[in-house]
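Okay, input00.txt is below, compact mmCIF, C-alpha atoms and all ligand atoms:
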# COMPACT_ATOMS: atom_id res chain seq x y z
CA MET A 7 76.76 119.54 146.65
CA GLY A 8 73.14 118.32 146.42
CA MET A 9 73.14 115.15 148.46
CA MET A 10 75.74 116.29 150.95
CA GLN A 11 73.96 119.58 151.57
CA ASP A 12 70.67 117.73 152.15
CA TYR A 13 72.25 115.57 154.84
CA ILE A 14 73.83 118.59 156.49
CA GLU A 15 70.45 120.33 156.64
CA GLU A 16 68.85 117.20 158.12
CA ALA A 17 71.59 116.96 160.71
CA GLU A 18 71.07 120.57 161.74
CA ARG A 19 67.37 119.87 162.12
CA ASP A 20 67.62 116.58 164.03
CA LEU A 21 70.85 116.49 166.04
CA LEU A 22 71.26 118.51 169.20
CA HIS A 23 73.43 121.45 168.23
CA THR A 24 76.43 120.83 170.51
CA TYR A 25 79.01 121.16 167.72
CA ASN A 26 79.67 123.81 165.11
CA ARG A 27 80.40 121.26 162.44
CA TYR A 28 82.51 121.70 159.33
CA GLN A 29 80.38 121.52 156.19
CA VAL A 30 81.39 118.06 155.07
CA VAL A 31 80.02 114.51 155.37
CA PHE A 32 82.82 111.96 155.35
CA ASP A 33 81.91 108.62 153.85
CA HIS A 34 84.94 106.37 153.83
CA GLY A 35 88.69 106.34 154.17
CA GLU A 36 91.80 104.68 152.84
CA GLY A 37 95.18 105.01 154.51
CA VAL A 38 95.57 108.69 155.46
CA GLN A 39 92.94 109.82 152.95
CA LEU A 40 89.29 110.56 153.71
CA TYR A 41 86.53 110.77 151.10
CA ASP A 42 83.30 112.73 151.39
CA LEU A 43 79.89 111.65 150.07
CA GLU A 44 80.67 113.14 146.68
CA GLY A 45 83.97 111.36 146.32
CA LYS A 46 86.23 114.35 147.05
CA GLU A 47 89.54 113.32 148.58
CA TYR A 48 91.09 114.81 151.74
CA LEU A 49 94.43 114.38 153.47
CA ASP A 50 93.64 113.70 157.12
CA PHE A 51 95.68 115.51 159.79
CA VAL A 52 93.14 115.01 162.58
CA SER A 53 92.47 111.23 162.64
CA GLY A 54 89.11 111.78 164.30
CA ILE A 55 90.91 113.72 167.07
CA GLY A 56 93.72 111.32 167.69
CA VAL A 57 91.70 108.15 167.29
CA PHE A 58 92.44 106.52 163.92
CA ALA A 59 96.15 106.02 164.54
CA LEU A 60 96.41 103.10 162.10
CA GLY A 61 94.82 104.99 159.24
CA TYR A 62 91.67 103.89 157.47
CA GLY A 63 90.77 100.62 155.80
CA VAL A 64 93.35 98.42 157.56
CA LYS A 65 92.28 94.95 156.43
CA GLU A 66 93.72 93.00 159.32
CA TYR A 67 92.02 95.23 161.89
CA ASN A 68 88.69 95.15 160.03
CA ASP A 69 88.88 91.36 159.68
CA ALA A 70 89.58 90.95 163.41
CA LEU A 71 86.45 92.96 164.23
CA LYS A 72 84.32 91.05 161.72
CA ALA A 73 85.49 87.71 163.11
CA GLN A 74 84.59 88.79 166.65
CA ILE A 75 81.17 90.04 165.53
CA ASP A 76 80.43 86.66 164.00
CA LYS A 77 81.49 84.94 167.21
CA ILE A 78 79.95 87.06 169.98
CA LEU A 79 79.62 90.81 170.53
CA HIS A 80 78.72 91.08 174.15
CA THR A 81 78.46 89.02 177.30
CA SER A 82 78.73 90.88 180.63
CA ASN A 83 81.43 91.74 183.11
CA TYR A 84 79.91 89.07 185.37
CA TYR A 85 81.63 86.57 183.07
CA TYR A 86 85.16 86.27 181.71
CA ASN A 87 85.88 86.79 178.02
CA VAL A 88 89.09 85.99 176.18
CA PRO A 89 89.45 89.21 174.10
CA ALA A 90 89.29 91.36 177.27
CA ILE A 91 91.75 89.10 179.09
CA GLU A 92 94.18 89.30 176.15
CA ALA A 93 93.64 93.07 175.86
CA ALA A 94 94.42 93.59 179.55
CA LYS A 95 97.61 91.52 179.20
CA GLY A 96 98.66 93.64 176.21
CA ILE A 97 97.94 96.92 177.97
CA LYS A 98 99.92 95.83 181.01
CA LYS A 99 102.85 95.01 178.74
CA ILE A 100 102.94 98.38 176.95
CA SER A 101 102.17 100.46 180.05
CA GLY A 102 103.95 98.65 182.85
CA MET A 103 100.83 99.13 184.97
CA ASP A 104 99.37 96.21 186.94
CA ARG A 105 95.55 96.42 186.91
CA VAL A 106 93.20 97.42 184.11
CA PHE A 107 89.55 98.52 184.11
CA PHE A 108 87.90 98.90 180.69
CA THR A 109 85.49 101.74 179.89
CA ASN A 110 83.64 102.91 176.77
CA SER A 111 85.21 106.35 176.55
CA GLY A 112 87.92 108.65 177.81
CA ALA A 113 85.67 110.58 180.17
CA GLU A 114 84.58 107.36 181.84
CA ALA A 115 88.21 106.36 182.30
CA VAL A 116 88.80 109.68 184.09
CA GLU A 117 85.71 109.11 186.25
CA GLY A 118 87.08 105.74 187.31
CA ALA A 119 90.52 107.18 188.01
CA ILE A 120 89.01 109.83 190.29
CA LYS A 121 86.90 107.26 192.11
CA ALA A 122 89.93 105.01 192.63
CA ALA A 123 91.96 107.93 194.04
CA ARG A 124 89.19 108.99 196.42
CA LYS A 125 88.66 105.40 197.59
CA TYR A 126 92.39 104.98 198.20
CA ALA A 127 92.39 108.04 200.44
CA TYR A 128 89.13 107.03 202.13
CA LEU A 129 90.56 103.65 203.09
CA LYS A 130 93.49 105.37 204.79
CA ASP A 131 91.62 107.74 207.10
CA GLY A 132 87.89 107.11 206.66
CA SER A 133 87.22 110.74 205.82
CA THR A 134 85.44 112.10 202.75
CA ASP A 135 86.84 115.60 202.42
CA HIS A 136 89.88 114.81 200.27
CA GLU A 137 91.09 117.26 197.67
CA ILE A 138 92.39 116.73 194.14
CA ILE A 139 94.74 119.10 192.38
CA ALA A 140 94.07 119.55 188.65
CA MET A 141 95.60 121.94 186.09
CA GLU A 142 94.44 125.11 184.39
CA HIS A 143 93.83 124.69 180.63
CA SER A 144 93.39 120.95 181.09
CA PHE A 145 90.78 118.81 179.39
CA HIS A 146 89.55 115.54 180.85
CA GLY A 147 86.08 115.07 179.35
CA ARG A 148 82.45 116.18 179.66
CA THR A 149 80.93 114.01 182.40
CA PHE A 150 80.68 115.54 185.86
CA GLY A 151 83.77 114.10 187.46
CA ALA A 152 85.91 114.65 184.37
CA LEU A 153 84.46 118.14 183.89
CA SER A 154 85.18 118.97 187.53
CA VAL A 155 88.92 118.50 186.92
CA THR A 156 88.84 120.26 183.52
CA GLY A 157 90.58 123.62 183.82
CA ASN A 158 88.30 125.52 181.48
CA GLU A 159 85.83 127.78 183.27
CA LYS A 160 83.71 128.14 180.12
CA TYR A 161 83.00 124.40 179.98
CA ARG A 162 82.13 124.18 183.70
CA ALA A 163 80.24 127.37 184.53
CA PRO A 164 76.71 126.51 183.29
CA PHE A 165 76.76 123.16 185.05
CA GLU A 166 77.86 124.09 188.55
CA PRO A 167 78.08 122.76 191.15
CA MET A 168 80.87 120.42 190.13
CA ILE A 169 82.14 117.63 192.39
CA GLY A 170 83.78 119.29 195.36
CA ASN A 171 87.31 119.83 196.57
CA ILE A 172 89.08 120.29 193.24
CA ARG A 173 91.90 122.87 193.21
CA PHE A 174 93.51 124.21 190.05
CA ALA A 175 97.24 124.80 189.73
CA LYS A 176 99.17 126.31 186.84
CA TYR A 177 100.59 123.74 184.43
CA ASN A 178 104.40 123.63 184.50
CA ASP A 179 104.47 125.88 187.60
CA ILE A 180 105.53 123.69 190.50
CA GLU A 181 105.16 126.47 193.08
CA SER A 182 101.47 126.78 192.20
CA VAL A 183 101.09 123.05 192.88
CA LYS A 184 102.99 123.20 196.17
CA ALA A 185 100.82 126.11 197.29
CA LEU A 186 97.72 123.87 197.04
CA VAL A 187 99.08 120.74 198.69
CA ASN A 188 97.80 120.07 202.19
CA ASP A 189 96.90 117.11 204.42
CA LYS A 190 93.63 116.62 202.54
CA THR A 191 95.19 116.36 199.09
CA CYS A 192 94.81 112.81 197.78
CA ALA A 193 95.82 113.12 194.13
CA VAL A 194 97.19 115.28 191.33
CA ILE A 195 95.70 114.81 187.88
CA LEU A 196 97.22 116.12 184.67
CA GLU A 197 97.74 115.38 181.00
CA THR A 198 101.37 114.46 180.30
CA VAL A 199 100.96 116.61 177.19
CA GLN A 200 97.96 118.94 177.33
CA GLY A 201 95.87 118.42 174.19
CA GLU A 202 92.65 120.36 173.86
CA GLY A 203 94.12 123.16 176.01
CA GLY A 204 96.73 123.91 173.35
CA ILE A 205 99.34 121.13 172.94
CA ARG A 206 101.60 121.81 175.91
CA PRO A 207 104.10 119.12 176.96
CA ALA A 208 104.87 118.93 180.67
CA ASP A 209 108.35 120.08 181.66
CA GLU A 210 110.42 117.17 182.87
CA ALA A 211 111.37 118.94 186.11
CA PHE A 212 107.70 119.77 186.79
CA LEU A 213 106.55 116.18 186.35
CA LYS A 214 109.45 114.79 188.40
CA GLU A 215 108.79 117.21 191.22
CA ILE A 216 105.08 116.29 191.32
CA ARG A 217 106.08 112.62 191.45
CA LYS A 218 108.35 113.41 194.40
CA ILE A 219 105.64 115.30 196.30
CA CYS A 220 103.19 112.45 195.68
CA ASP A 221 105.70 109.91 196.98
CA GLU A 222 106.49 111.93 200.10
CA ARG A 223 102.83 112.40 201.02
CA ASP A 224 101.34 109.16 199.66
CA MET A 225 99.26 111.15 197.18
CA LEU A 226 98.41 109.53 193.86
CA LEU A 227 99.68 110.82 190.53
CA ILE A 228 97.02 110.40 187.83
CA LEU A 229 98.25 110.93 184.27
CA ASP A 230 95.63 111.38 181.57
CA GLU A 231 97.13 109.85 178.43
CA ILE A 232 93.90 109.73 176.44
CA GLN A 233 95.20 112.03 173.70
CA CYS A 234 98.99 111.91 174.10
CA GLY A 235 99.15 108.16 174.68
CA MET A 236 99.19 105.15 172.37
CA GLY A 237 102.34 106.07 170.49
CA ARG A 238 101.52 109.65 169.55
CA THR A 239 104.62 111.19 171.14
CA GLY A 240 106.95 108.38 170.08
CA SER A 241 106.53 105.99 173.01
CA TYR A 242 103.44 104.02 173.93
CA TYR A 243 102.72 106.48 176.70
CA ALA A 244 104.18 109.96 176.91
CA TRP A 245 105.22 109.55 180.55
CA GLN A 246 107.61 106.79 179.49
CA ARG A 247 109.76 109.46 177.84
CA TYR A 248 110.01 111.29 181.16
CA GLY A 249 110.65 108.25 183.30
CA VAL A 250 107.85 109.39 185.63
CA LYS A 251 105.43 106.56 186.31
CA PRO A 252 101.90 107.40 187.43
CA ASP A 253 99.94 105.54 190.11
CA ILE A 254 96.82 105.67 187.96
CA MET A 255 96.57 106.48 184.27
CA THR A 256 93.91 106.75 181.59
CA SER A 257 93.93 105.68 177.97
CA ALA A 258 91.29 105.87 175.20
CA LYS A 259 91.09 107.47 171.72
CA ALA A 260 93.71 105.50 169.71
CA LEU A 261 93.45 102.54 172.09
CA GLY A 262 90.54 101.22 170.01
CA CYS A 263 91.30 103.02 166.73
CA GLY A 264 87.60 103.64 166.06
CA VAL A 265 85.78 101.22 168.34
CA PRO A 266 84.72 103.23 171.42
CA VAL A 267 86.98 101.97 174.20
CA GLY A 268 88.88 103.39 177.13
CA ALA A 269 90.70 102.13 180.15
CA PHE A 270 92.13 103.23 183.44
CA MET A 271 95.07 101.38 184.81
CA MET A 272 96.83 101.40 188.15
CA THR A 273 99.75 99.98 190.04
CA GLU A 274 99.26 96.92 192.23
CA LYS A 275 99.50 99.14 195.32
CA VAL A 276 96.48 101.17 194.23
CA GLY A 277 94.74 98.10 192.86
CA GLN A 278 94.94 96.39 196.25
CA ASN A 279 93.81 99.48 198.15
CA SER A 280 90.98 101.10 196.22
CA LEU A 281 88.04 99.80 194.19
CA VAL A 282 86.56 96.42 195.11
CA ALA A 283 83.55 94.40 193.97
CA GLY A 284 80.48 96.63 194.07
CA ASP A 285 82.44 99.91 193.91
CA HIS A 286 82.46 100.38 190.16
CA GLY A 287 81.10 98.79 187.03
CA THR A 288 80.05 99.11 183.41
CA THR A 289 77.72 97.18 181.11
CA TYR A 290 79.71 97.49 177.89
CA GLY A 291 83.25 98.24 179.09
CA GLY A 292 85.68 95.56 177.93
CA ASN A 293 83.09 93.56 176.04
CA PRO A 294 84.39 91.04 173.47
CA LEU A 295 84.21 93.49 170.55
CA ALA A 296 86.07 96.18 172.50
CA GLY A 297 88.62 93.59 173.59
CA ALA A 298 89.12 92.36 170.03
CA ALA A 299 89.66 95.93 168.81
CA ILE A 300 92.30 96.63 171.47
CA CYS A 301 94.06 93.31 170.78
CA SER A 302 94.20 94.03 167.06
CA VAL A 303 95.45 97.59 167.65
CA LEU A 304 98.19 96.38 170.00
CA LYS A 305 99.28 93.68 167.55
CA LEU A 306 99.47 96.09 164.62
CA PHE A 307 101.20 98.78 166.70
CA GLU A 308 103.93 96.30 167.53
CA GLU A 309 104.26 94.82 164.03
CA LYS A 310 104.43 98.22 162.35
CA ASP A 311 106.36 99.96 165.16
CA ILE A 312 103.77 102.73 165.20
CA PRO A 313 105.41 104.66 168.07
CA GLY A 314 108.71 104.55 166.14
CA ASN A 315 107.03 106.02 163.07
CA ALA A 316 105.44 108.75 165.19
CA ALA A 317 108.86 109.69 166.56
CA LYS A 318 110.51 109.70 163.14
CA VAL A 319 107.82 111.49 161.14
CA GLY A 320 107.06 113.69 164.16
CA ALA A 321 110.64 115.02 164.07
CA TYR A 322 110.22 115.77 160.36
CA LEU A 323 106.89 117.52 160.99
CA PHE A 324 108.61 119.57 163.70
CA GLU A 325 111.24 120.80 161.23
CA LYS A 326 108.63 121.67 158.61
CA LEU A 327 106.34 123.52 161.01
CA ASP A 328 109.35 125.38 162.42
CA GLU A 329 110.14 126.55 158.89
CA LEU A 330 106.56 127.71 158.42
CA ALA A 331 106.56 129.49 161.79
CA ALA A 332 109.75 131.32 160.82
CA GLU A 333 108.19 132.47 157.51
CA LYS A 334 104.87 133.75 158.84
CA ALA A 335 104.74 136.74 161.17
CA ASP A 336 101.24 135.87 162.40
CA ILE A 337 102.40 132.53 163.86
CA LYS A 338 103.21 133.22 167.51
CA GLU A 339 104.46 129.82 168.54
CA HIS A 340 105.07 126.26 167.38
CA ARG A 341 104.76 123.64 170.15
CA GLY A 342 104.44 119.92 170.61
CA THR A 343 106.18 116.61 170.32
CA GLY A 344 105.90 113.56 168.07
CA LEU A 345 102.71 113.67 166.03
CA MET A 346 101.02 116.00 168.49
CA GLN A 347 101.93 119.55 167.51
CA CYS A 348 100.33 122.95 167.08
CA LEU A 349 100.77 126.39 165.58
CA GLU A 350 99.48 129.27 167.66
CA PHE A 351 98.47 132.34 165.64
CA ASP A 352 97.82 135.91 166.74
CA HIS A 353 94.29 135.65 165.29
CA PRO A 354 91.45 133.09 164.98
CA VAL A 355 92.22 130.11 162.75
CA ALA A 356 88.71 129.10 161.62
CA ASP A 357 89.18 130.69 158.17
CA ILE A 358 92.46 128.86 157.62
CA ILE A 359 90.91 125.53 158.60
CA ASN A 360 87.92 126.10 156.28
CA LYS A 361 90.20 127.07 153.42
CA ALA A 362 92.31 123.95 154.00
CA LEU A 363 89.20 121.81 153.95
CA GLU A 364 88.24 123.29 150.59
CA LYS A 365 91.69 122.37 149.31
CA GLY A 366 91.39 118.81 150.60
CA LEU A 367 93.25 119.01 153.92
CA VAL A 368 91.58 118.20 157.25
CA LEU A 369 92.90 120.20 160.21
CA ILE A 370 91.43 120.98 163.63
CA ASN A 371 91.72 123.83 166.10
CA ALA A 372 92.47 123.83 169.84
CA GLY A 373 90.78 126.98 171.13
CA THR A 374 90.26 129.85 168.70
CA ASP A 375 93.85 130.73 167.74
CA ILE A 376 95.57 127.34 167.57
CA ILE A 377 95.78 124.78 164.75
CA ARG A 378 96.36 121.28 166.07
CA PHE A 379 98.15 118.56 164.10
CA LEU A 380 97.03 115.05 165.12
CA PRO A 381 97.52 112.93 162.00
CA PRO A 382 97.17 109.16 161.84
CA LEU A 383 100.39 107.72 163.26
CA VAL A 384 101.12 105.89 159.99
CA ILE A 385 101.74 109.08 157.98
CA SER A 386 104.96 109.43 156.01
CA GLU A 387 107.30 112.34 155.39
CA SER A 388 105.77 112.85 151.96
CA ASP A 389 102.34 113.25 153.60
CA VAL A 390 103.88 115.97 155.78
CA ASP A 391 105.18 117.68 152.63
CA ARG A 392 101.73 117.49 151.03
CA MET A 393 100.17 118.95 154.18
CA THR A 394 102.61 121.86 154.49
CA ALA A 395 102.24 122.68 150.78
CA ILE A 396 98.44 123.03 151.15
CA LEU A 397 98.70 124.84 154.47
CA ARG A 398 101.19 127.34 153.02
CA GLU A 399 98.66 128.15 150.28
CA CYS A 400 96.03 128.81 152.94
CA LEU A 401 98.12 131.23 155.01
C1 LIG B 501 89.39 113.36 174.48
C2 LIG B 501 89.91 113.45 175.84
C3 LIG B 501 89.17 113.04 176.95
C4 LIG B 501 87.73 112.59 176.85
O1 LIG B 501 87.58 111.44 176.09
P1 LIG B 501 86.12 111.05 175.53
O2 LIG B 501 86.33 109.72 174.88
O3 LIG B 501 85.73 112.12 174.55
O4 LIG B 501 85.20 110.99 176.68
C5 LIG B 501 89.77 113.06 178.19
N1 LIG B 501 91.04 113.47 178.36
C6 LIG B 501 91.80 113.88 177.31
C7 LIG B 501 93.20 114.29 177.53
C8 LIG B 501 91.25 113.91 176.02
O5 LIG B 501 91.99 114.35 174.99

What does the file become when written as structure tokens?
Amino acid sequence: MGMMQDYIEEAERDLLHTYNRYQVVFDHGEGVQLYDLEGKEYLDFVSGIGVFALGYGVKEYNDALKAQIDKILHTSNYYYNVPAIEAAKGIKKISGMDRVFFTNSGAEAVEGAIKAARKYAYLKDGSTDHEIIAMEHSFHGRTFGALSVTGNEKYRAPFEPMIGNIRFAKYNDIESVKALVNDKTCAVILETVQGEGGIRPADEAFLKEIRKICDERDMLLILDEIQCGMGRTGSYYAWQRYGVKPDIMTSAKALGCGVPVGAFMMTEKVGQNSLVAGDHGTTYGGNPLAGAAICSVLKLFEEKDIPGNAAKVGAYLFEKLDELAAEKADIKEHRGTGLMQCLEFDHPVADIINKALEKGLVLINAGTDIIRFLPPLVISESDVDRMTAILRECL
């Protein structure tokens, strides 16, 4: 453990301690396998928290990035660049949305979505006291706007005051949403499938009813698809399986498959009635490298039918985790859809995750009692079998 332990000690000395990190330094990857500095092999069921959907070491993707680096990395959003134009076209095609704004991260996409919603309401009545309804147990990121709509008191408390006029409803409880709606409400923001908060898919009736309320009152529906999007639940975006289209949506994580990119998208109606020149901007967002990454991801997703694989192998994973949940009395619940699933235990799961890591399986928690399964979307049924075999040993 010599070299790896030395790096870990350096990291603990030099990096701000905002993460309780697992005691491993990953060095490289191949397919769905990760390798640490000492060459030990791991089966990856986290994909960098839903990022590396294509798996590691995909030559075509790597080559596309290298080619763009040799050409030009960055210009500015004051000029046009072809990779961003192509990326926007591709995103419009998979999402059915009309206007795209590129960001560097998920949180920034949420920030932009909130600004667009507030501006839309401001243009209607000129007032600045509009309210946004968000959900308990949600997660939208760590910047102030995104944190303000994150339904986790623990994350928000030390940093108050948040941005104002955010109200929290109970996820999948339509009456709790209706109770908060008033003339000042300009938007509802939620994850189509809650991720960090414990892998909870929205009920179809809940989502449809919110859509209806938004339509009746000209409020905007913002769906955060940063974790559940990009094929993970079996369609490009999870809302497509519900037939409930948002007015504004966010995408990140697997959108770049490793290059830090995000985006918020909107319908033409919102696009024509919200942010204009001078309202919003970014230095890096949608630069040529980011654009090239998105273009390559979209091309490979289509060629390999990544969403189709997520649906197929996701169904298999569902069966296998159901079996495990039936065997083990300490598993309270198995939830999720596609390749976004979880097991909720009646005790903390840190020991299980550490044991799995020792045995060469990478898993991640969601809160203290939940193990989350977010594998690369290219995994096969035999990878699922390998995972469940190791996990069973750890339980
Ligand atoms: C990860 C995540 C974010 C934040 O994305 P960052 O890139 O970490 O800023 C926002 N919303 C959801 C649903 C996420 O899973």

Name the residues, by chain letter and number, that sit within 10 Å of ligand LIG 501 (chain B) using only C-alpha atoms and all ligand atoms, and give them as JSON, numbers by chain. {"A": [55, 56, 57, 109, 110, 111, 112, 113, 114, 115, 116, 117, 144, 145, 146, 147, 148, 149, 152, 153, 156, 196, 197, 198, 199, 200, 201, 202, 203, 229, 230, 231, 232, 233, 234, 235, 256, 257, 258, 259, 260, 266, 267, 268]}

Quick one: residues within 8 Å of A:Ile254, only C-alpha atoms counted, chain neighbours fewer than 2 positions away excluded, as a PDB file with C-alpha atoms, in the coordinates of the input?
ATOM      1  CA  ALA A 119      90.520 107.180 188.010  1.00  0.00           C
ATOM      2  CA  LEU A 226      98.410 109.530 193.860  1.00  0.00           C
ATOM      3  CA  LEU A 227      99.680 110.820 190.530  1.00  0.00           C
ATOM      4  CA  ILE A 228      97.020 110.400 187.830  1.00  0.00           C
ATOM      5  CA  LEU A 229      98.250 110.930 184.270  1.00  0.00           C
ATOM      6  CA  PRO A 252     101.900 107.400 187.430  1.00  0.00           C
ATOM      7  CA  THR A 256      93.910 106.750 181.590  1.00  0.00           C
ATOM      8  CA  PHE A 270      92.130 103.230 183.440  1.00  0.00           C
ATOM      9  CA  MET A 271      95.070 101.380 184.810  1.00  0.00           C
ATOM     10  CA  MET A 272      96.830 101.400 188.150  1.00  0.00           C
ATOM     11  CA  THR A 273      99.750  99.980 190.040  1.00  0.00           C
ATOM     12  CA  VAL A 276      96.480 101.170 194.230  1.00  0.00           C
TER      13      VAL A 276
END

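Minimum distance to A:Gly61 across A:Leu349, A:Ala372, A:Leu40, A:Ile100 (counting all atoms listed in the file) occurs at A:Leu40.
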
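Restricting the calculation to all atoms listed in the file, the smallest distance between A:Glu274 and any of A:Gly37, A:Gly240, A:Gln347, A:Asp253 is found for A:Asp253.
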
Here is a test: counting all atoms listed in the file, which residue of A:Glu339, A:Glu325, A:Glu364, A:Glu142 is nearest to A:Glu387? A:Glu325

Counting all atoms listed in the file, what is within 8 Å of A:Ser302, bar same-chain residues fewer than 2 positions away, as a ChimeraX atom specification? /A:66-67,70,298-300,304-306

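With all atoms listed in the file taken into account, the protein and nucleic acid residues at most 12 Å from A:Asp221 (excluding it and anything under 2 positions from it in its own chain) are Cys192, Ala193, Val194, Lys214, Glu215, Ile216, Arg217, Lys218, Ile219, Arg223, Asp224, Met225, Leu226, Leu227, Val250, Lys251, Pro252 and Asp253 of chain A.
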
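Minimum atom-to-atom distances from A:Leu369, A:Leu79, A:Met236, A:Ile358 to A:Gly292 were compared using only C-alpha atoms, and the lowest value belongs to A:Leu79.
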
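All protein, DNA and RNA residues at most 8 Å from (93.7, 126.5, 167.7) are A:Gly204, A:Cys348, A:Leu349, A:Glu350, A:Phe351, A:Pro354, A:Val355, A:Ile370, A:Asn371, A:Ala372, A:Gly373, A:Thr374, A:Asp375, A:Ile376, A:Ile377, A:Arg378, using all atoms listed in the file.
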
Just-selected residues, C-alpha atoms written as a PDB file, keeping the file's coordinate frame:
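Output below, filename out.pdb:
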ATOM      1  CA  GLY A 204      96.730 123.910 173.350  1.00  0.00           C
ATOM      2  CA  CYS A 348     100.330 122.950 167.080  1.00  0.00           C
ATOM      3  CA  LEU A 349     100.770 126.390 165.580  1.00  0.00           C
ATOM      4  CA  GLU A 350      99.480 129.270 167.660  1.00  0.00           C
ATOM      5  CA  PHE A 351      98.470 132.340 165.640  1.00  0.00           C
ATOM      6  CA  PRO A 354      91.450 133.090 164.980  1.00  0.00           C
ATOM      7  CA  VAL A 355      92.220 130.110 162.750  1.00  0.00           C
ATOM      8  CA  ILE A 370      91.430 120.980 163.630  1.00  0.00           C
ATOM      9  CA  ASN A 371      91.720 123.830 166.100  1.00  0.00           C
ATOM     10  CA  ALA A 372      92.470 123.830 169.840  1.00  0.00           C
ATOM     11  CA  GLY A 373      90.780 126.980 171.130  1.00  0.00           C
ATOM     12  CA  THR A 374      90.260 129.850 168.700  1.00  0.00           C
ATOM     13  CA  ASP A 375      93.850 130.730 167.740  1.00  0.00           C
ATOM     14  CA  ILE A 376      95.570 127.340 167.570  1.00  0.00           C
ATOM     15  CA  ILE A 377      95.780 124.780 164.750  1.00  0.00           C
ATOM     16  CA  ARG A 378      96.360 121.280 166.070  1.00  0.00           C
TER      17      ARG A 378
END

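Our summary of the geometry notes that atom CA of A:Gly157 is positioned 15.8 Å from atom CA of A:Pro207.
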
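The coordinates place atom CA of A:Ser133 at 19.6 Å from atom CA of A:Gly284.
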
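Among A:Val303, A:Phe324, A:Leu295, A:Arg124, the residue with the shortest atom-to-atom distance to A:Val88, counting all atoms listed in the file, is A:Leu295.
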
Which polymer residues have any atom within 10 Å of an atom of stretch 182-185 of chain A, counting only C-alpha atoms, with same-chain residues fewer than 2 positions away left out, as a PyMOL selection string? chain A and resi 139-141+173-180+187-188+194+212+215-216+219

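In this structure, atom CA of A:Asp391 sits 19.0 Å away from atom CA of A:Ala59.
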
For a cutoff of 12 Å around the file-coordinate point (98.3, 124.5, 153.1), which residues qualify once you count all atoms listed in the file? I'd like the result as number ranges by chain. A: 49, 51, 327, 330, 358-369, 377, 389-401

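Of the listed residues (A:Tyr128, A:Tyr242, A:Tyr85, A:Phe307), A:Tyr242 comes nearest to A:Gly102; the distances count only C-alpha atoms.
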